[in-house]
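Colleague: I'm passing along model.txt; it holds compact mmCIF, C-alpha atoms.
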# COMPACT_ATOMS: atom_id res chain seq x y z
CA MET A 1 12.64 4.19 10.61
CA ALA A 2 11.39 1.02 8.92
CA TYR A 3 7.89 0.61 7.56
CA LYS A 4 5.59 -1.09 10.07
CA HIS A 5 3.62 -3.83 8.34
CA THR A 6 -0.11 -4.18 8.88
CA LEU A 7 -1.28 -7.69 9.70
CA ALA A 8 -4.94 -8.72 9.52
CA LEU A 9 -5.83 -11.52 11.89
CA ILE A 10 -9.04 -13.26 10.83
CA GLY A 11 -10.22 -15.50 13.63
CA ALA A 12 -8.34 -13.39 16.18
CA ALA A 13 -10.38 -14.77 19.09
CA SER A 14 -9.49 -18.41 18.36
CA PRO A 15 -6.80 -19.94 20.63
CA THR A 16 -4.17 -19.65 17.88
CA GLY A 17 -5.38 -16.17 16.91
CA THR A 18 -5.17 -14.99 20.52
CA LEU A 19 -1.64 -16.33 20.87
CA LEU A 20 -0.60 -14.67 17.58
CA ALA A 21 -2.17 -11.34 18.53
CA SER A 22 -0.47 -11.17 21.92
CA ARG A 23 2.95 -12.12 20.50
CA LEU A 24 2.83 -9.90 17.41
CA ALA A 25 1.28 -6.76 18.93
CA ASP A 26 4.55 -4.93 19.50
CA ARG A 27 5.94 -5.64 16.02
CA TYR A 28 3.01 -5.20 13.67
CA ARG A 29 0.02 -2.93 13.26
CA LEU A 30 -2.80 -5.38 13.97
CA LEU A 31 -6.30 -5.49 12.49
CA LEU A 32 -8.29 -7.96 14.58
CA MET A 33 -11.36 -9.62 13.12
CA ASP A 34 -13.61 -12.32 14.53
CA SER A 35 -17.29 -13.17 14.39
CA ASP A 36 -17.37 -13.38 18.22
CA LEU A 37 -17.26 -9.70 19.14
CA SER A 38 -17.33 -10.21 22.92
CA LEU A 39 -14.25 -12.46 22.79
CA LEU A 40 -12.60 -9.94 20.49
CA ALA A 41 -13.25 -7.07 22.91
CA ALA A 42 -11.74 -9.13 25.74
CA LEU A 43 -8.71 -9.93 23.60
CA GLN A 44 -8.20 -6.27 22.76
CA GLU A 45 -8.30 -5.40 26.47
CA THR A 46 -5.78 -8.14 27.33
CA ILE A 47 -3.39 -6.97 24.61
CA ARG A 48 -3.72 -3.35 25.76
CA LEU A 49 -2.59 -4.44 29.21
CA GLN A 50 0.34 -6.45 27.80
CA HIS A 51 1.36 -3.86 25.19
CA PRO A 52 0.03 -0.40 26.12
CA ARG A 53 1.47 1.12 22.93
CA ALA A 54 0.14 -1.56 20.58
CA ASP A 55 -1.15 -0.20 17.27
CA MET A 56 -4.29 -2.26 16.96
CA GLU A 57 -7.85 -2.01 15.75
CA VAL A 58 -10.92 -4.21 15.77
CA LEU A 59 -12.75 -4.54 12.46
CA ASN A 60 -16.00 -6.37 11.79
CA CYS A 61 -15.37 -7.12 8.11
CA CYS A 62 -12.75 -9.61 6.94
CA LYS A 63 -12.67 -8.02 3.47
CA ASP A 64 -11.86 -4.55 4.82
CA ALA A 65 -9.23 -5.98 7.16
CA SER A 66 -7.60 -7.93 4.33
CA TRP A 67 -7.75 -4.96 1.97
CA GLU A 68 -5.86 -2.76 4.41
CA ALA A 69 -3.35 -5.42 5.42
CA ASP A 70 0.06 -6.28 4.02
CA ILE A 71 -0.14 -9.79 5.48
CA VAL A 72 -3.32 -11.77 6.16
CA VAL A 73 -3.42 -14.50 8.80
CA VAL A 74 -6.41 -16.83 8.82
CA SER A 75 -7.10 -18.86 11.92
CA VAL A 76 -10.67 -20.11 11.60
CA ALA A 77 -12.42 -23.50 11.73
CA ASP A 78 -11.73 -25.45 8.56
CA ASP A 79 -15.42 -25.50 7.57
CA ARG A 80 -15.39 -21.66 7.39
CA LEU A 81 -12.34 -21.43 5.13
CA GLU A 82 -14.21 -21.37 1.83
CA THR A 83 -16.60 -18.64 2.99
CA ILE A 84 -13.73 -16.49 4.22
CA ALA A 85 -11.77 -17.10 1.00
CA ASP A 86 -14.74 -16.02 -1.14
CA ARG A 87 -15.09 -12.78 0.85
CA ILE A 88 -11.45 -11.72 0.70
CA ARG A 89 -10.49 -13.02 -2.77
CA GLU A 90 -10.79 -9.67 -4.53
CA VAL A 91 -8.47 -7.81 -2.14
CA ILE A 92 -5.64 -10.28 -1.46
CA THR A 93 -4.12 -10.55 -4.94
CA CYS A 94 -0.31 -10.80 -4.64
CA LYS A 95 -0.51 -10.72 -0.81
CA THR A 96 0.88 -13.25 1.64
CA VAL A 97 -1.95 -15.20 3.27
CA ILE A 98 -1.00 -17.55 6.11
CA GLN A 99 -3.45 -20.15 7.29
CA PHE A 100 -3.06 -21.75 10.71
CA THR A 101 -4.76 -25.13 11.12
CA THR A 102 -4.48 -28.38 13.00
CA ALA A 103 -5.79 -30.49 10.09
CA VAL A 104 -3.26 -31.90 7.64
CA THR A 105 -6.07 -32.45 5.11
CA CYS A 106 -6.71 -28.70 4.63
CA THR A 107 -3.31 -27.61 3.33
CA ASP A 108 -4.45 -26.92 -0.28
CA THR A 109 -7.95 -25.53 0.26
CA LEU A 110 -7.06 -21.87 0.67
CA GLN A 111 -4.52 -21.70 -2.20
CA GLN A 112 -7.08 -23.31 -4.51
CA ARG A 113 -9.72 -20.75 -3.50
CA LEU A 114 -7.20 -17.86 -3.68
CA PRO A 115 -5.14 -18.64 -6.79
CA HIS A 116 -3.61 -15.14 -7.05
CA ALA A 117 -2.52 -14.89 -3.40
CA ASN A 118 0.71 -16.30 -1.99
CA VAL A 119 -0.66 -18.81 0.49
CA THR A 120 1.17 -20.83 3.10
CA THR A 121 -0.48 -23.22 5.51
CA VAL A 122 0.94 -23.93 8.95
CA VAL A 123 -0.15 -27.19 10.50
CA LEU A 124 0.20 -26.94 14.26
CA SER A 125 0.57 -29.88 16.60
CA GLY A 126 2.17 -30.68 19.94
CA ASN A 127 1.44 -28.61 23.02
CA ASP A 128 2.12 -25.10 24.40
CA THR A 129 5.53 -26.00 25.74
CA ASN A 130 6.59 -28.06 22.74
CA PRO A 131 4.74 -26.79 19.65
CA THR A 132 5.39 -28.19 16.19
CA ALA A 133 4.70 -26.21 13.03
CA VAL A 134 4.86 -27.76 9.59
CA VAL A 135 4.75 -25.19 6.80
CA HIS A 136 3.17 -25.95 3.41
CA GLY A 137 3.55 -23.58 0.47
CA THR A 138 5.91 -22.66 -2.35
CA HIS A 139 6.10 -18.89 -2.67
CA PRO A 140 9.53 -17.75 -1.37
CA GLU A 141 8.43 -14.41 0.13
CA ALA A 142 5.39 -15.96 1.79
CA LEU A 143 7.56 -18.73 3.25
CA GLN A 144 9.99 -16.16 4.58
CA THR A 145 7.19 -14.13 6.22
CA THR A 146 5.69 -17.30 7.70
CA THR A 147 9.05 -18.34 9.11
CA SER A 148 9.47 -14.91 10.74
CA LEU A 149 6.07 -15.18 12.42
CA LEU A 150 6.76 -18.70 13.66
CA VAL A 151 10.10 -17.67 15.14
CA ILE A 152 8.33 -14.86 17.04
CA LEU A 153 5.86 -17.47 18.29
CA GLY A 154 8.71 -19.62 19.54
CA CYS A 155 8.19 -22.43 17.03
CA VAL A 156 10.89 -24.08 14.98
CA PRO A 157 9.32 -24.40 11.52
CA GLN A 158 9.54 -27.58 9.50
CA TYR A 159 8.85 -27.49 5.77
CA ALA A 160 6.57 -30.01 4.10
CA ASP A 161 8.10 -29.87 0.60
CA MET B 1 -11.56 -1.24 -7.31
CA PHE B 2 -9.96 -0.95 -10.78
CA ASP B 3 -12.35 1.62 -12.33
CA VAL B 4 -10.00 4.63 -12.35
CA PHE B 5 -7.06 2.46 -13.38
CA PHE B 6 -8.76 0.92 -16.40
CA THR B 7 -10.07 4.31 -17.50
CA HIS B 8 -6.52 5.65 -17.26
CA VAL B 9 -4.97 2.72 -19.15
CA ASN B 10 -7.67 2.69 -21.83
CA GLU B 11 -7.00 6.36 -22.60
CA LYS B 12 -3.54 5.30 -23.77
CA VAL B 13 -3.94 1.71 -24.97
CA SER B 14 -7.12 -0.25 -25.61
CA LEU B 15 -7.47 -3.34 -23.44
CA THR B 16 -9.84 -6.24 -24.10
CA ILE B 17 -12.03 -7.51 -21.24
CA ALA B 18 -9.83 -10.63 -21.05
CA GLU B 19 -6.69 -8.46 -20.76
CA GLN B 20 -8.31 -6.40 -18.02
CA GLU B 21 -9.11 -9.54 -16.05
CA GLN B 22 -5.56 -10.80 -16.53
CA LEU B 23 -4.17 -7.43 -15.52
CA LYS B 24 -5.96 -7.52 -12.16
CA THR B 25 -3.88 -10.49 -11.07
CA PHE B 26 -0.63 -8.47 -11.08
CA PHE B 27 -1.73 -5.81 -8.62
CA LEU B 28 -1.80 -5.80 -4.84
CA PRO B 29 -4.82 -3.83 -3.58
CA LYS B 30 -4.02 -1.74 -0.51
CA LYS B 31 -5.94 0.69 1.66
CA LEU B 32 -3.97 3.38 3.42
CA ARG B 33 -5.27 5.63 6.20
CA LYS B 34 -4.53 9.34 6.37
CA LYS B 35 -0.97 9.97 7.62
CA GLN B 36 0.10 6.33 7.12
CA TYR B 37 3.31 5.70 5.23
CA LEU B 38 3.55 3.80 2.00
CA LEU B 39 7.32 4.25 1.94
CA GLN B 40 9.85 5.56 4.44
CA GLU B 41 13.21 7.05 3.56
CA ASP B 42 16.04 4.45 3.54
CA ASP B 43 13.66 1.53 2.96
CA VAL B 44 13.72 0.04 -0.54
CA CYS B 45 10.72 1.14 -2.61
CA ARG B 46 9.10 -2.23 -3.41
CA TYR B 47 6.05 -0.91 -5.22
CA MET B 48 4.81 1.65 -7.69
CA ALA B 49 1.40 2.82 -6.49
CA PHE B 50 -1.56 3.80 -8.63
CA VAL B 51 -4.09 5.94 -6.76
CA GLU B 52 -7.68 4.74 -7.20
CA LYS B 53 -8.95 7.00 -4.46
CA GLY B 54 -7.39 9.55 -2.10
CA LEU B 55 -4.33 11.74 -2.07
CA LEU B 56 -0.64 10.98 -1.40
CA ARG B 57 2.55 12.97 -1.34
CA SER B 58 6.25 12.22 -1.69
CA TYR B 59 8.75 14.36 0.18
CA ASN B 60 12.11 14.35 1.86
CA VAL B 61 13.20 15.89 5.14
CA ASP B 62 16.36 17.97 5.45
CA ASP B 63 18.79 18.04 8.38
CA ARG B 64 16.79 20.82 10.04
CA GLY B 65 13.59 18.80 9.89
CA ASN B 66 12.04 20.79 7.04
CA GLU B 67 9.88 18.82 4.60
CA HIS B 68 10.41 19.34 0.87
CA MET B 69 7.46 18.29 -1.24
CA LEU B 70 8.29 16.48 -4.47
CA GLN B 71 5.01 15.20 -5.80
CA PHE B 72 1.32 14.92 -5.05
CA ALA B 73 -0.65 11.98 -6.42
CA TRP B 74 -4.43 11.76 -6.52
CA GLU B 75 -6.98 9.69 -8.45
CA GLY B 76 -5.42 8.50 -11.72
CA TRP B 77 -1.79 9.19 -10.74
CA TRP B 78 1.17 6.94 -10.04
CA ILE B 79 3.63 7.53 -7.21
CA ALA B 80 6.92 5.86 -6.23
CA ASP B 81 10.58 6.54 -5.62
CA THR B 82 11.35 5.41 -9.16
CA TYR B 83 15.11 5.22 -8.68
CA SER B 84 14.75 3.05 -5.58
CA PHE B 85 12.06 0.93 -7.25
CA LEU B 86 14.17 0.16 -10.32
CA SER B 87 17.59 -0.09 -8.64
CA GLU B 88 16.44 -1.68 -5.34
CA GLU B 89 18.61 0.91 -3.54
CA PRO B 90 17.28 2.67 -0.39
CA ALA B 91 14.68 5.33 -1.05
CA ALA B 92 15.48 9.02 -0.75
CA TYR B 93 11.84 9.99 -0.21
CA ASN B 94 8.95 9.34 2.12
CA ILE B 95 5.50 8.68 0.70
CA ASP B 96 2.42 9.03 2.90
CA ALA B 97 -1.31 9.62 2.63
CA ILE B 98 -2.77 13.11 2.95
CA GLU B 99 -6.25 11.57 2.69
CA ASP B 100 -7.49 7.98 3.21
CA ALA B 101 -6.47 6.14 0.07
CA GLU B 102 -7.16 3.07 -2.03
CA LEU B 103 -4.13 2.00 -4.03
CA LEU B 104 -3.08 -0.61 -6.55
CA LEU B 105 0.51 -1.65 -5.91
CA LEU B 106 2.82 -3.14 -8.53
CA SER B 107 6.10 -4.81 -7.58
CA LEU B 108 9.11 -4.94 -9.91
CA PRO B 109 8.83 -8.72 -10.60
CA GLN B 110 5.10 -8.31 -11.30
CA PHE B 111 5.83 -5.30 -13.52
CA GLU B 112 8.29 -7.38 -15.58
CA GLU B 113 5.91 -10.33 -15.83
CA MET B 114 2.93 -8.12 -16.69
CA THR B 115 4.72 -6.34 -19.55
CA LEU B 116 5.82 -9.72 -20.91
CA GLN B 117 2.34 -11.21 -20.78
CA ILE B 118 0.45 -8.08 -21.87
CA PRO B 119 2.70 -6.15 -24.30
CA LYS B 120 0.18 -3.27 -24.49
CA MET B 121 1.21 -2.42 -20.91
CA GLU B 122 4.78 -1.85 -22.08
CA ARG B 123 3.43 0.83 -24.43
CA TYR B 124 1.29 2.25 -21.60
CA PHE B 125 4.33 2.58 -19.33
CA ARG B 126 6.48 4.04 -22.11
CA ILE B 127 3.89 6.81 -22.54
CA LEU B 128 3.73 7.22 -18.77
CA PHE B 129 7.51 7.53 -18.40
CA GLN B 130 7.67 10.00 -21.33
CA ASN B 131 5.03 12.18 -19.67
CA ASN B 132 6.90 11.91 -16.39
CA ILE B 133 10.15 13.14 -17.97
CA ILE B 134 8.31 16.08 -19.54
CA ALA B 135 6.62 16.97 -16.24
CA LYS B 136 9.94 16.88 -14.39
CA GLU B 137 11.63 19.09 -17.00
CA ARG B 138 8.76 21.58 -16.78
CA ARG B 139 8.98 21.64 -13.01
CA LEU B 140 12.74 22.26 -13.20
CA ILE B 141 12.26 25.12 -15.66
CA SER B 142 9.47 26.53 -13.51
CA SER B 143 11.63 26.47 -10.37
CA ILE B 144 14.54 28.32 -12.00
CA THR B 145 12.59 30.68 -14.25
CA TYR B 146 9.34 31.84 -12.69
CA SER B 147 8.60 34.03 -9.70
CA ALA B 148 6.75 32.57 -6.70
CA GLU B 149 3.52 34.21 -7.88
CA GLU B 150 3.90 32.86 -11.41
CA LYS B 151 4.55 29.36 -10.06
CA TYR B 152 1.42 29.55 -7.92
CA LEU B 153 -0.70 30.87 -10.81
CA ARG B 154 0.54 28.12 -13.13
CA LEU B 155 -0.18 25.44 -10.52
CA SER B 156 -3.67 26.86 -9.88
CA ALA B 157 -4.40 26.99 -13.63
CA SER B 158 -3.22 23.44 -14.34
CA ASN B 159 -4.64 21.83 -11.17
CA PRO B 160 -7.44 23.99 -9.74
CA GLU B 161 -8.97 21.09 -7.78
CA LEU B 162 -5.64 20.23 -6.22
CA VAL B 163 -5.07 23.73 -4.90
CA GLN B 164 -8.41 23.48 -3.08
CA ARG B 165 -7.75 19.99 -1.78
CA ILE B 166 -4.19 20.24 -0.47
CA PRO B 167 -3.31 22.14 2.73
CA GLN B 168 -1.67 25.47 1.93
CA HIS B 169 1.58 24.75 3.81
CA LEU B 170 2.12 21.67 1.60
CA ILE B 171 1.52 23.71 -1.55
CA ALA B 172 4.01 26.29 -0.29
CA SER B 173 6.58 23.54 0.28
CA TYR B 174 5.92 22.16 -3.22
CA LEU B 175 6.51 25.61 -4.71
CA GLY B 176 9.67 26.08 -2.64
CA ILE B 177 8.33 29.10 -0.73
CA THR B 178 7.30 29.70 2.88
CA PRO B 179 3.63 29.45 3.93
CA GLU B 180 3.79 33.18 4.77
CA THR B 181 4.89 34.02 1.22
CA LEU B 182 2.10 31.91 -0.24
CA SER B 183 -0.42 33.59 2.03
CA ARG B 184 0.84 37.02 0.88
CA ILE B 185 0.62 35.97 -2.81
CA ARG B 186 -2.95 34.74 -2.35
CA LYS B 187 -3.94 37.96 -0.56
CA ASN B 188 -2.41 40.09 -3.34
CA LEU B 189 -4.19 38.10 -6.03
CA LEU B 190 -7.48 38.49 -4.19
CA HIS B 191 -7.04 42.27 -3.97
CA ARG B 192 -6.31 42.48 -7.71
CA GLN B 193 -9.48 40.60 -8.68
Please lay out the structure from this file as structure tokens.
Modeller:
Amino acid sequence: MAYKHTLALIGAASPTGTLLASRLADRYRLLLMDSDLSLLAALQETIRLQHPRADMEVLNCCKDASWEADIVVVSVADDRLETIADRIREVITCKTVIQFTTAVTCTDTLQQRLPHANVTTVVLSGNDTNPTAVVHGTHPEALQTTTSLLVILGCVPQYAD
Amino acid sequence: MFDVFFTHVNEKVSLTIAEQEQLKTFFLPKKLRKKQYLLQEDDVCRYMAFVEKGLLRSYNVDDRGNEHMLQFAWEGWWIADTYSFLSEEPAAYNIDAIEDAELLLLSLPQFEEMTLQIPKMERYFRILFQNNIIAKERRLISSITYSAEEKYLRLSASNPELVQRIPQHLIASYLGITPETLSRIRKNLLHRQ
């Protein structure tokens, strides 16, 4: 039986976070974190209906979630990135951190704030039926993990560099 | 997060503050809940784990479903399937948490890079591997030489805290005896006191 990875989803109640949570719930142990607790509770209920056996937990601290996780996914507004990075910096050394954004200008912010993490940034565009995902980053293992997640999401990844 | 680790390392080699800061960048901090796996048999062991807090065990399971305990690791101990870690072959053991745990994980590439950049860590690991060989030889001698009662007494004398902390059926498995035999030994020892 293979090890089941734990994935922390910071910004789980965002549109991208919600999509990720519902698609990844049967493959990963999920730690859901968001500042909007009512949206998070609703998301947890929706996922329970979709995946009754989902291994999932709601946490109210992004540092604790990141500490416990093997993979950290960040899907928050770009102006909150630096705050989140400062909170999780100590516990994500050597971990894969994947940022989902719609802004091409934010592709370096997280790696600069988290120099000892393996960061990739996925810039999403297009629409639900025809999504486009451009992946930025250089660490081979992080790129591989990011590609796996995007395939589960139904996206064909393109690589920036 | 690194308190126990630095105490452990500094008992064997003396690190500067700058080296300690550099050292932090090679480790992956990981929390593990009770009963969660760090490694499952047949997966490749990607990390050596240093226990900052909590208690872990390594064990394998035979064809009849019986667990055979190989090692316990608590604060200040390392745990891994060393053969799998170094050879990148599938692991022969499972490793899971007996108590909630805080770990520092070290991958093989990070291990290589760390010992290159901080040569004192090569000495630290040489001492660690020497001690590990000695411990394994002693355990082998113990298993073929001593009676069940002697093995239990020796374990209690060398690790009194551990005997209190670990469930009795796991200690019995570690000693290679049944829980009933261990219970009988403990009762006999109590009567003799």
Colleague: For the interface of chain A with chain B (cut-off 8 Å, counting all atoms listed in the file), please tabulate each contacting residue of chain A alongside its nearest pair of atoms and their separation in Å to one decimal, rows sorted by chain and increasing number, as JSON lines.
Modeller:
{"residue": "A:Met1", "atom": "CA", "partner": "B:Gln40", "partner_atom": "CA", "distance": 6.9}
{"residue": "A:Ala2", "atom": "CA", "partner": "B:Asp43", "partner_atom": "CA", "distance": 6.4}
{"residue": "A:Tyr3", "atom": "CA", "partner": "B:Gln40", "partner_atom": "CA", "distance": 6.2}
{"residue": "A:Trp67", "atom": "CA", "partner": "B:Lys30", "partner_atom": "CA", "distance": 5.5}
{"residue": "A:Glu68", "atom": "CA", "partner": "B:Lys31", "partner_atom": "CA", "distance": 4.4}
{"residue": "A:Ala69", "atom": "CA", "partner": "B:Lys30", "partner_atom": "CA", "distance": 7.0}
{"residue": "A:Asp70", "atom": "CA", "partner": "B:Lys30", "partner_atom": "CA", "distance": 7.6}
{"residue": "A:Val91", "atom": "CA", "partner": "B:Pro29", "partner_atom": "CA", "distance": 5.6}
{"residue": "A:Ile92", "atom": "CA", "partner": "B:Leu28", "partner_atom": "CA", "distance": 6.8}
{"residue": "A:Thr93", "atom": "CA", "partner": "B:Leu28", "partner_atom": "CA", "distance": 5.3}
{"residue": "A:Cys94", "atom": "CA", "partner": "B:Leu28", "partner_atom": "CA", "distance": 5.2}
{"residue": "A:Lys95", "atom": "CA", "partner": "B:Leu28", "partner_atom": "CA", "distance": 6.5}
{"residue": "A:His116", "atom": "CA", "partner": "B:Thr25", "partner_atom": "CA", "distance": 6.2}
Colleague: Please measure the separation of atom CA of B:Tyr59 and atom CA of B:Thr181, giving the value in Å to one decimal.
Modeller: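 Going from atom CA of B:Tyr59 over to atom CA of B:Thr181, I get 20.1 Å.
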Colleague: May I ask which of the residues B:Pro109, B:Gln71, B:Ala135, B:Leu175 is the closest one to B:Glu88, counting all atoms listed in the file?
Modeller: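 For B:Glu88, the nearest of the candidates is B:Pro109.
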Colleague: With a distance cut-off of 10 Å and all atoms listed in the file, select the neighbouring residues of B:Tyr174, excluding the residue or stretch itself and same-chain residues fewer than 2 positions from it, and output the selection as a PyMOL selection string.
Modeller: chain B and resi 57+59+67-72+152+168-172+176-178
Colleague: Would you save the residues of that selection, restricted to C-alpha atoms, as an mmCIF file, in the frame of the given file?
Modeller:
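Generated file (part22.cif):
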data_model
loop_
_atom_site.group_PDB
_atom_site.id
_atom_site.type_symbol
_atom_site.label_atom_id
_atom_site.label_comp_id
_atom_site.auth_asym_id
_atom_site.auth_seq_id
_atom_site.Cartn_x
_atom_site.Cartn_y
_atom_site.Cartn_z
ATOM 1 C CA ARG B 57 2.550 12.970 -1.340
ATOM 2 C CA TYR B 59 8.750 14.360 0.180
ATOM 3 C CA GLU B 67 9.880 18.820 4.600
ATOM 4 C CA HIS B 68 10.410 19.340 0.870
ATOM 5 C CA MET B 69 7.460 18.290 -1.240
ATOM 6 C CA LEU B 70 8.290 16.480 -4.470
ATOM 7 C CA GLN B 71 5.010 15.200 -5.800
ATOM 8 C CA PHE B 72 1.320 14.920 -5.050
ATOM 9 C CA TYR B 152 1.420 29.550 -7.920
ATOM 10 C CA GLN B 168 -1.670 25.470 1.930
ATOM 11 C CA HIS B 169 1.580 24.750 3.810
ATOM 12 C CA LEU B 170 2.120 21.670 1.600
ATOM 13 C CA ILE B 171 1.520 23.710 -1.550
ATOM 14 C CA ALA B 172 4.010 26.290 -0.290
ATOM 15 C CA GLY B 176 9.670 26.080 -2.640
ATOM 16 C CA ILE B 177 8.330 29.100 -0.730
ATOM 17 C CA THR B 178 7.300 29.700 2.880
#
Colleague: Which protein, DNA or RNA residues are at most 12 Å from (-5.5, -17.7, 15.2) in the file's coordinates when you count only C-alpha atoms, listed as a PyMOL selection string?
Modeller: chain A and resi 8-24+32-34+40+43+72-78+98-102+122-124+153
Colleague: One number please: atom CA of B:Ile141 to atom CA of B:Glu75, in Å, one decimal.
Modeller: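 Separating atom CA of B:Ile141 from atom CA of B:Glu75 is a distance of 25.7 Å.
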Colleague: With all atoms listed in the file as the atoms that count, which of B:Tyr124, B:Ile79, B:Gln117, B:Trp74 lies nearest to B:Arg165?
Modeller: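 Closest candidate: B:Trp74.
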Colleague: Mind checking which residues fall within 12 Å of B:Pro119, counting all atoms listed in the file, ignoring those fewer than 5 positions away in the same chain, and posting them as JSON, numbers by chain?
Modeller: {"B": [13, 14, 15, 19, 23, 111, 112, 113, 114, 124, 125, 126]}
Colleague: Could those selected residues go to a file with C-alpha atoms, as a PDB file, keeping the file's coordinate frame?
Modeller:
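In the end it all went to result_15.pdb:
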ATOM      1  CA  VAL B  13      -3.940   1.710 -24.970  1.00  0.00           C
ATOM      2  CA  SER B  14      -7.120  -0.250 -25.610  1.00  0.00           C
ATOM      3  CA  LEU B  15      -7.470  -3.340 -23.440  1.00  0.00           C
ATOM      4  CA  GLU B  19      -6.690  -8.460 -20.760  1.00  0.00           C
ATOM      5  CA  LEU B  23      -4.170  -7.430 -15.520  1.00  0.00           C
ATOM      6  CA  PHE B 111       5.830  -5.300 -13.520  1.00  0.00           C
ATOM      7  CA  GLU B 112       8.290  -7.380 -15.580  1.00  0.00           C
ATOM      8  CA  GLU B 113       5.910 -10.330 -15.830  1.00  0.00           C
ATOM      9  CA  MET B 114       2.930  -8.120 -16.690  1.00  0.00           C
ATOM     10  CA  TYR B 124       1.290   2.250 -21.600  1.00  0.00           C
ATOM     11  CA  PHE B 125       4.330   2.580 -19.330  1.00  0.00           C
ATOM     12  CA  ARG B 126       6.480   4.040 -22.110  1.00  0.00           C
TER      13      ARG B 126
END
